[in-house]
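Everything below belongs to protein.cif, which stores mmCIF, C-alpha atoms and all ligand atoms.
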data_protein
#
loop_
_atom_site.label_atom_id
_atom_site.label_comp_id
_atom_site.auth_asym_id
_atom_site.auth_seq_id
_atom_site.Cartn_x
_atom_site.Cartn_y
_atom_site.Cartn_z
CA MET A 70 58.88 -13.41 1.81
CA PHE A 71 60.95 -10.27 1.58
CA ARG A 72 60.74 -7.32 3.89
CA ARG A 73 62.74 -4.23 4.53
CA ARG A 74 64.48 -4.00 7.84
CA GLY A 75 65.12 -0.81 9.76
CA SER A 76 65.37 2.73 8.51
CA GLY A 77 66.74 3.80 5.15
CA ARG A 78 70.18 3.74 6.74
CA THR A 79 70.03 0.03 7.50
CA ALA A 80 67.55 -1.17 4.89
CA VAL A 81 68.56 -4.49 3.38
CA ALA A 82 66.59 -7.14 1.54
CA GLU A 83 65.80 -9.86 4.01
CA VAL A 84 64.11 -13.22 3.72
CA ALA A 85 62.25 -14.53 6.79
CA GLU A 86 63.76 -17.85 7.82
CA PRO A 87 64.22 -19.78 11.04
CA ASP A 88 67.96 -20.15 10.62
CA ALA A 89 70.32 -17.54 11.95
CA LEU A 90 73.01 -18.54 9.47
CA VAL A 91 72.83 -20.36 6.15
CA LEU A 92 75.76 -21.37 3.96
CA ASP A 93 74.83 -22.63 0.51
CA GLY A 94 77.73 -24.19 -1.35
CA VAL A 95 80.22 -21.81 0.25
CA GLY A 96 83.74 -22.43 -1.00
CA ARG A 97 86.97 -20.45 -0.85
CA SER A 98 90.01 -20.86 -3.06
CA TYR A 99 93.10 -18.76 -3.30
CA ARG A 100 95.30 -17.87 -6.21
CA ARG A 101 97.73 -20.61 -7.18
CA GLY A 102 94.98 -23.17 -6.67
CA THR A 103 94.85 -23.56 -2.88
CA VAL A 104 91.37 -24.72 -1.96
CA ALA A 105 90.84 -23.70 1.67
CA LEU A 106 87.16 -24.67 1.73
CA GLU A 107 85.29 -26.98 -0.63
CA PRO A 108 81.65 -25.98 -1.19
CA VAL A 109 79.94 -26.35 2.20
CA ASP A 110 76.21 -26.43 2.99
CA LEU A 111 75.31 -25.54 6.54
CA ALA A 112 72.26 -24.14 8.32
CA VAL A 113 72.52 -23.01 11.93
CA PRO A 114 69.10 -22.59 13.56
CA ARG A 115 68.50 -19.72 15.97
CA GLY A 116 69.35 -20.59 19.55
CA ARG A 117 72.02 -23.15 18.64
CA PHE A 118 75.59 -23.43 19.88
CA LEU A 119 77.79 -24.93 17.15
CA ALA A 120 81.43 -25.87 17.64
CA VAL A 121 83.65 -26.05 14.54
CA MET A 122 86.64 -28.34 14.89
CA GLY A 123 89.26 -29.98 12.70
CA PRO A 124 93.00 -30.39 12.28
CA SER A 125 95.21 -27.41 11.57
CA GLY A 126 94.70 -26.20 8.01
CA SER A 127 91.32 -27.95 7.64
CA GLY A 128 89.50 -24.70 6.86
CA LYS A 129 87.96 -23.68 10.18
CA SER A 130 89.07 -20.04 10.08
CA THR A 131 88.17 -19.80 6.42
CA LEU A 132 84.66 -21.07 7.15
CA LEU A 133 84.25 -18.67 10.05
CA GLN A 134 85.57 -15.69 8.07
CA CYS A 135 83.27 -16.39 5.12
CA ALA A 136 80.26 -17.07 7.37
CA ALA A 137 80.81 -13.85 9.32
CA GLY A 138 81.21 -11.66 6.25
CA LEU A 139 84.87 -10.97 7.00
CA ASP A 140 85.93 -12.68 3.78
CA ARG A 141 84.12 -13.14 0.47
CA PRO A 142 83.69 -16.77 -0.61
CA THR A 143 84.70 -17.67 -4.15
CA SER A 144 81.52 -19.75 -4.57
CA GLY A 145 78.12 -20.08 -2.96
CA SER A 146 76.13 -17.74 -0.76
CA VAL A 147 75.89 -16.77 2.91
CA ARG A 148 72.74 -15.52 4.63
CA ILE A 149 72.87 -13.98 8.07
CA GLY A 150 69.43 -13.60 9.63
CA GLY A 151 67.91 -13.99 6.17
CA VAL A 152 70.14 -11.34 4.59
CA GLU A 153 72.10 -12.46 1.55
CA ILE A 154 75.50 -10.88 1.99
CA ALA A 155 77.08 -11.37 -1.45
CA PRO A 156 75.36 -8.37 -3.10
CA LEU A 157 76.15 -5.99 -0.25
CA SER A 158 78.64 -3.19 -0.80
CA GLU A 159 81.61 -3.01 1.58
CA THR A 160 79.83 -0.24 3.50
CA ALA A 161 76.61 -2.22 3.83
CA LEU A 162 78.55 -5.33 4.82
CA THR A 163 80.44 -3.41 7.49
CA ARG A 164 77.13 -2.14 8.83
CA LEU A 165 75.63 -5.63 8.82
CA ARG A 166 78.63 -7.01 10.71
CA ARG A 167 78.38 -4.19 13.23
CA GLU A 168 74.65 -4.48 13.79
CA ARG A 169 73.89 -8.16 13.34
CA VAL A 170 77.06 -10.08 14.09
CA GLY A 171 79.04 -10.38 17.32
CA PHE A 172 82.69 -11.39 17.49
CA VAL A 173 84.74 -12.92 20.27
CA PHE A 174 88.40 -13.58 19.44
CA GLN A 175 91.16 -15.35 21.31
CA ALA A 176 92.77 -11.96 21.92
CA HIS A 177 89.82 -10.01 23.23
CA ASN A 178 90.76 -6.79 21.39
CA LEU A 179 89.40 -4.41 24.00
CA VAL A 180 90.32 -0.76 23.57
CA PRO A 181 92.77 -0.03 26.43
CA SER A 182 92.02 3.69 26.66
CA LEU A 183 88.26 3.16 27.12
CA SER A 184 86.58 2.01 30.32
CA VAL A 185 85.13 -1.47 30.50
CA LEU A 186 81.59 -0.09 30.12
CA GLU A 187 82.62 2.08 27.15
CA ASN A 188 84.15 -0.99 25.51
CA VAL A 189 80.88 -2.87 25.86
CA ALA A 190 78.92 0.12 24.51
CA LEU A 191 81.27 0.61 21.53
CA PRO A 192 79.22 -1.37 18.96
CA LEU A 193 76.16 0.74 19.87
CA LEU A 194 78.16 3.94 19.52
CA LEU A 195 79.57 2.90 16.15
CA GLY A 196 76.10 1.92 14.96
CA GLU A 197 74.66 5.22 16.23
CA VAL A 198 72.25 3.21 18.39
CA PRO A 199 71.29 4.90 21.68
CA ASP A 200 72.57 3.02 24.72
CA ASP A 201 69.34 2.70 26.68
CA GLY A 202 71.06 0.78 29.47
CA ARG A 203 71.89 -2.16 27.23
CA ALA A 204 75.63 -1.95 27.80
CA ARG A 205 75.14 -1.94 31.56
CA ASP A 206 72.75 -4.94 31.28
CA ALA A 207 75.23 -6.83 29.09
CA LEU A 208 78.02 -6.18 31.59
CA ASP A 209 75.77 -7.32 34.44
CA SER A 210 74.94 -10.49 32.55
CA VAL A 211 78.61 -11.51 32.46
CA GLY A 212 78.95 -10.77 36.19
CA LEU A 213 81.06 -7.63 35.85
CA GLY A 214 78.53 -4.91 36.56
CA GLU A 215 80.76 -3.53 39.31
CA ARG A 216 83.79 -3.12 37.03
CA GLY A 217 82.34 -0.76 34.42
CA ALA A 218 84.55 2.19 35.34
CA ASP A 219 87.81 0.18 35.29
CA ARG A 220 90.22 0.02 32.37
CA PRO A 221 90.62 -3.38 30.66
CA ALA A 222 94.21 -3.67 31.96
CA GLU A 223 92.86 -3.74 35.51
CA LEU A 224 90.99 -6.98 34.76
CA SER A 225 92.26 -10.55 34.53
CA GLY A 226 92.45 -12.30 31.16
CA GLY A 227 89.25 -14.23 31.89
CA GLN A 228 87.44 -11.07 32.99
CA GLN A 229 88.57 -9.31 29.82
CA GLN A 230 87.18 -12.16 27.75
CA ARG A 231 83.88 -11.82 29.64
CA VAL A 232 83.84 -8.13 28.70
CA ALA A 233 84.44 -9.16 25.08
CA ILE A 234 81.42 -11.46 25.31
CA ALA A 235 79.28 -8.64 26.74
CA ARG A 236 80.45 -6.43 23.85
CA ALA A 237 79.59 -9.17 21.34
CA LEU A 238 76.08 -9.56 22.77
CA VAL A 239 75.19 -5.90 23.29
CA THR A 240 73.59 -5.44 19.86
CA SER A 241 71.58 -8.70 20.21
CA PRO A 242 73.23 -10.00 17.04
CA GLU A 243 71.87 -12.75 14.82
CA VAL A 244 75.05 -14.78 15.32
CA VAL A 245 78.02 -14.57 17.66
CA PHE A 246 81.20 -15.91 16.05
CA ALA A 247 83.84 -16.98 18.55
CA ASP A 248 87.32 -17.88 17.29
CA GLU A 249 89.23 -19.86 19.92
CA PRO A 250 87.64 -17.79 22.72
CA THR A 251 89.30 -19.90 25.41
CA GLY A 252 92.62 -20.48 23.64
CA ALA A 253 94.56 -18.14 25.94
CA LEU A 254 92.82 -19.09 29.20
CA ASP A 255 93.54 -21.65 31.92
CA PRO A 256 91.00 -24.52 32.10
CA ALA A 257 88.99 -23.14 35.04
CA THR A 258 88.70 -19.65 33.51
CA ALA A 259 87.87 -21.24 30.16
CA GLN A 260 84.93 -23.03 31.81
CA ASP A 261 83.55 -19.71 33.06
CA VAL A 262 83.75 -18.20 29.58
CA LEU A 263 82.12 -21.24 27.97
CA ALA A 264 79.38 -21.21 30.60
CA LEU A 265 78.63 -17.61 29.60
CA LEU A 266 78.34 -18.52 25.93
CA ARG A 267 76.09 -21.43 26.92
CA GLN A 268 73.98 -19.05 29.03
CA ALA A 269 73.69 -16.63 26.11
CA VAL A 270 72.19 -19.46 24.06
CA ASP A 271 69.99 -21.08 26.72
CA ARG A 272 68.73 -18.01 28.52
CA ASP A 273 68.68 -15.37 25.82
CA GLY A 274 68.26 -17.44 22.65
CA HIS A 275 71.51 -16.30 21.02
CA THR A 276 73.22 -18.31 18.30
CA VAL A 277 76.91 -19.08 18.69
CA VAL A 278 79.39 -20.49 16.17
CA MET A 279 82.69 -21.24 17.89
CA VAL A 280 85.95 -22.46 16.37
CA THR A 281 87.98 -24.43 18.88
CA HIS A 282 90.79 -26.97 19.08
CA ASP A 283 89.70 -28.07 22.54
CA PRO A 284 87.38 -31.11 22.88
CA ALA A 285 86.36 -29.95 26.37
CA ALA A 286 85.22 -26.62 24.90
CA ALA A 287 83.32 -28.35 22.09
CA ALA A 288 81.43 -30.38 24.71
CA TRP A 289 79.62 -27.17 25.73
CA ALA A 290 78.05 -26.93 22.27
CA ASP A 291 74.83 -28.46 20.98
CA GLU A 292 76.66 -29.80 17.97
CA ALA A 293 80.24 -30.25 16.83
CA LEU A 294 81.08 -30.00 13.16
CA PHE A 295 84.41 -31.42 12.01
CA LEU A 296 86.29 -30.19 8.97
CA ALA A 297 89.03 -32.10 7.20
CA GLU A 298 90.80 -30.83 4.09
CA GLY A 299 88.14 -28.16 3.60
CA ARG A 300 85.19 -30.55 3.78
CA ILE A 301 82.68 -31.41 6.48
CA ALA A 302 83.96 -34.78 7.71
CA ALA A 303 81.52 -35.38 10.58
CA ARG A 304 78.76 -33.79 12.64
CA VAL A 305 77.96 -34.85 16.19
CA GLU A 306 74.94 -33.78 18.22
CA HIS A 307 75.46 -33.26 21.96
CA PRO A 308 79.18 -33.91 21.74
CA ASP A 309 81.07 -35.20 24.75
CA SER A 310 84.74 -34.51 25.02
CA SER A 311 85.98 -38.11 24.74
CA HIS A 312 83.98 -38.67 21.55
CA VAL A 313 85.25 -35.38 20.13
CA HIS A 314 88.79 -36.30 21.12
CA ALA A 315 88.49 -39.67 19.35
CA ILE A 316 87.20 -38.06 16.14
CA MET A 317 89.99 -35.48 16.22
CA ARG A 318 92.58 -38.22 16.72
CA ASP A 319 91.13 -40.14 13.79
CA LEU A 320 91.13 -37.07 11.53
CA GLY A 321 94.68 -36.26 12.61
CA ARG A 322 95.81 -39.78 11.66
CA ARG A 323 94.12 -39.55 8.26
CA ALA A 324 95.76 -36.16 7.64
CA ALA A 325 99.24 -37.50 8.59
N1 LIG B 1 95.38 -16.02 2.45
C1 LIG B 1 95.64 -17.29 2.11
N2 LIG B 1 96.29 -17.56 0.97
C2 LIG B 1 96.54 -18.84 0.59
N3 LIG B 1 96.16 -19.93 1.32
C3 LIG B 1 95.51 -19.71 2.46
C4 LIG B 1 95.21 -18.39 2.93
N4 LIG B 1 94.54 -18.50 4.12
C5 LIG B 1 94.43 -19.81 4.38
N5 LIG B 1 95.01 -20.54 3.39
C6 LIG B 1 95.09 -22.01 3.32
O1 LIG B 1 93.78 -22.54 3.44
C7 LIG B 1 93.79 -23.73 4.22
C8 LIG B 1 92.82 -23.58 5.39
O2 LIG B 1 93.31 -22.59 6.29
P1 LIG B 1 92.53 -22.17 7.61
O3 LIG B 1 93.31 -21.06 8.23
O4 LIG B 1 91.11 -21.95 7.28
O5 LIG B 1 92.67 -23.50 8.49
P2 LIG B 1 92.35 -23.73 10.04
O6 LIG B 1 91.62 -25.02 10.13
O7 LIG B 1 91.70 -22.54 10.62
O8 LIG B 1 93.82 -23.90 10.63
P3 LIG B 1 94.39 -23.59 12.12
O9 LIG B 1 93.68 -24.53 13.05
O10 LIG B 1 95.84 -23.94 11.98
O11 LIG B 1 94.14 -22.15 12.42
C9 LIG B 1 95.24 -23.96 4.64
O12 LIG B 1 95.81 -24.88 3.74
C10 LIG B 1 95.87 -22.60 4.50
O13 LIG B 1 97.24 -22.71 4.20
#

Represent the supplied structure as structure tokens.
Ligand SMILES: Nc1ncnc2c1ncn2[C@@H]1O[C@H](COP(=O)(O)OP(=O)(O)OP(=O)(O)O)[C@@H](O)[C@H]1O
Amino acid sequence: MFRRRGSGRTAVAEVAEPDALVLDGVGRSYRRGTVALEPVDLAVPRGRFLAVMGPSGSGKSTLLQCAAGLDRPTSGSVRIGGVEIAPLSETALTRLRRERVGFVFQAHNLVPSLSVLENVALPLLLGEVPDDGRARDALDSVGLGERGADRPAELSGGQQQRVAIARALVTSPEVVFADEPTGALDPATAQDVLALLRQAVDRDGHTVVMVTHDPAAAAWADEALFLAEGRIAARVEHPDSSHVHAIMRDLGRRAA
């Protein structure tokens, strides 16, 4: 079933489906024959927290970039919230990323000259969506409601990453993509950040796809997906860190 979403400004063909993200045979090759990602099929239901793991060079970033509409796959198709992204123009794709996708990176990429609250509200501003208190609510939900007037530099690294999570959630996106969100944090601070992502899924029904090297981080997810040489090598429901560690060690040995 197709329907039109939003006003003329945001109208895109959309198919109603339960999955927040669907990859159908998504592959990515580069010139000179490098195959970063073999064709991958993957459906991520709404309200799921998926961890993507694998040895260095296994294709994790490539998968995330293609799934998030930051890179165009060389084969297959990606649907975000039922919207097929291949036919979209660059402008429409930018708009879709802004309105329906949230990003959390290892380096939180906050704008230093804006206040914490303005940083959280930025995706609304860029999308010309009125901030009806949503930015304030998002900041409250990461426990930083009192710090809205501060500049990012006045916050710790962990607090800045929490602001980045609030910013990623403020538009209520279909999917939040997190690329090594705890890579620069100490273990205790990393736990706080992972707990927030978990809360976003459990309490608010968000969908999170997180690339990580850390088995302890993957253990916060509902499922861990392992890539090796651009292919899905394993999938584990309710991963625990020792199991994840063992799979990673095995994949590392095979790659050596
Ligand atoms: N722009 C590019 N041009 C050519 N090859 C590329 C390009 N980007 C990535 N690759 C290759 O694609 C493969 C997968 O890379 P990718 O960055 O997705 O791996 P990864 O699992 O995220 O690695 P890491 O954990 O080290 O970040 C690697 O062999 C890499 O060298």

| said: Using only C-alpha atoms for the distances, tell me which of A:Arg115, A:Ala89, A:His177, A:Leu193 is nearest to Val152 (chain A). | reply: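 Nearest candidate to Val152 (chain A) out of A:Arg115, A:Ala89, A:His177, A:Leu193: A:Ala89.
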
Step by step, gather every atom of ligand LIG 1 (chain B) that the file lists, find the box along x, y and z that holds them, add 8 Å on each side, and finally give centre and edge lengths in Å to one decimal, as JSON.
{"center_x": 94.2, "center_y": -20.5, "center_z": 6.8, "size_x": 22.1, "size_y": 25.0, "size_z": 28.5}

Hey, could you make a per-residue contact list for chain A against ligand LIG 1 (chain B) with 7 Å as the cut-off, showing the nearest pair of atoms and its distance in Å to one decimal, counting only C-alpha atoms and all ligand atoms, sorted by chain and number, as a Markdown table?
| residue | atom | partner | partner_atom | distance |
| --- | --- | --- | --- | --- |
| A:Tyr99 | CA | B:LIG1 | C2 | 5.2 |
| A:Arg100 | CA | B:LIG1 | C2 | 7.0 |
| A:Thr103 | CA | B:LIG1 | N3 | 5.7 |
| A:Val104 | CA | B:LIG1 | O1 | 6.3 |
| A:Ala105 | CA | B:LIG1 | O1 | 3.6 |
| A:Leu106 | CA | B:LIG1 | C8 | 6.8 |
| A:Gly123 | CA | B:LIG1 | O6 | 6.1 |
| A:Pro124 | CA | B:LIG1 | O6 | 5.9 |
| A:Ser125 | CA | B:LIG1 | O10 | 3.6 |
| A:Gly126 | CA | B:LIG1 | O5 | 3.4 |
| A:Ser127 | CA | B:LIG1 | O6 | 3.9 |
| A:Gly128 | CA | B:LIG1 | O4 | 3.2 |
| A:Lys129 | CA | B:LIG1 | O6 | 3.9 |
| A:Ser130 | CA | B:LIG1 | O7 | 3.7 |
| A:Thr131 | CA | B:LIG1 | O4 | 3.7 |
| A:Leu132 | CA | B:LIG1 | O4 | 6.5 |
| A:Gly299 | CA | B:LIG1 | C8 | 6.8 |

| task | Counting only C-alpha atoms, select every polymer residue within 6 Å of (94.8, 1.7, 30.9) as defined in the file's coordinates, and provide the selection as a VMD selection string. | result | chain A and resid 181 to 182 220 222

| query | If you count all atoms listed in the file, which residues fall within 9 Å of Trp289 (chain A), apart from same-chain ones fewer than 5 positions away, as a VMD selection string? | reply | chain A and resid 118 120 263 to 264 266 to 267 307 to 310

| message | Neighbouring residues of Ala233 (chain A) were defined as those with any atom within 12 Å, considering all atoms listed in the file; residues of the same chain fewer than 4 positions away were excluded. Please report them as JSON, numbers by chain. | response | {"A": [171, 172, 173, 174, 175, 176, 177, 178, 179, 180, 185, 186, 187, 188, 189, 190, 191, 192, 204, 207, 208, 211, 213, 221, 224, 226, 227, 228, 229, 237, 238, 239, 245, 246, 247, 250, 251, 262, 265, 266]}

| query | Can you list, as number ranges by chain, every protein, DNA or RNA residue that comes within 9 Å of Val109 (chain A) when you count only C-alpha atoms, leaving out same-chain residues fewer than 3 positions away? | reply | A: 92-96, 106, 132, 145, 299-301

| note | What separates CA of Gly151 (chain A) and CA of Leu119 (chain A) is a distance of 18.4 Å

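Between Pro242 (chain A) and the candidates A:Ala136, A:Val198, A:Ala286, A:Leu165, the tightest atom-to-atom separation, counting only C-alpha atoms, involves A:Leu165.
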
| Which residue out of A:His275, A:Arg236, A:His314, A:Arg167 has the minimum interatomic distance to Pro114 (chain A) when all atoms listed in the file are used? |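 Closest residue, counting all atoms listed in the file: A:His275.
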
| field | Among listed residues A:Leu111, A:Val121, A:Thr143, A:Gln230, nearest Arg97 (chain A) (using only C-alpha atoms) | value |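 When distances to Arg97 (chain A) are compared using only C-alpha atoms, the smallest one comes from A:Thr143.
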
| Non-local contacts of Ser158 (chain A) (12 Å; all atoms listed in the file; under 6 positions in same chain excluded) as a PyMOL selection string | chain A and resi 81+138+141+164-165

Just the selected residues (C-alpha atoms), exported as a PDB file, in the coordinates of the input, please.
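Full text of out.pdb as output:
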ATOM      1  CA  VAL A  81      68.560  -4.490   3.380  1.00  0.00           C
ATOM      2  CA  GLY A 138      81.210 -11.660   6.250  1.00  0.00           C
ATOM      3  CA  ARG A 141      84.120 -13.140   0.470  1.00  0.00           C
ATOM      4  CA  ARG A 164      77.130  -2.140   8.830  1.00  0.00           C
ATOM      5  CA  LEU A 165      75.630  -5.630   8.820  1.00  0.00           C
TER       6      LEU A 165
END

| task | Could you tell me how far CA of Gln268 (chain A) lies from CA of Gly252 (chain A), in Å and to one decimal? | result |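 Taking CA of Gln268 (chain A) and CA of Gly252 (chain A), their separation equals 19.5 Å.
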
| message | For a test of reading the model, state the distance in Å between CA of Leu195 (chain A) and CA of Leu254 (chain A), rounded to one decimal. | response |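 According to the coordinates, CA of Leu195 (chain A) and CA of Leu254 (chain A) are separated by 28.8 Å.
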
| note | Val244 (chain A) proximity check over A:Asp140, A:Glu168, A:Glu153, A:Asp209, using only C-alpha atoms: winner is A:Glu168

| Nearby residues, (75.9, -36.9, 15.5) file frame, 7 Å, all atoms listed in the file, as a list in words |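 Those residues lying close to the given coordinates are Arg304, Val305 and Glu306 of chain A.
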
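Ranking A:Pro256, A:Ile316, A:Ala137, A:Ala302 by their shortest atom-to-atom distance to Thr163 (chain A), with all atoms listed in the file included, puts A:Ala137 first.
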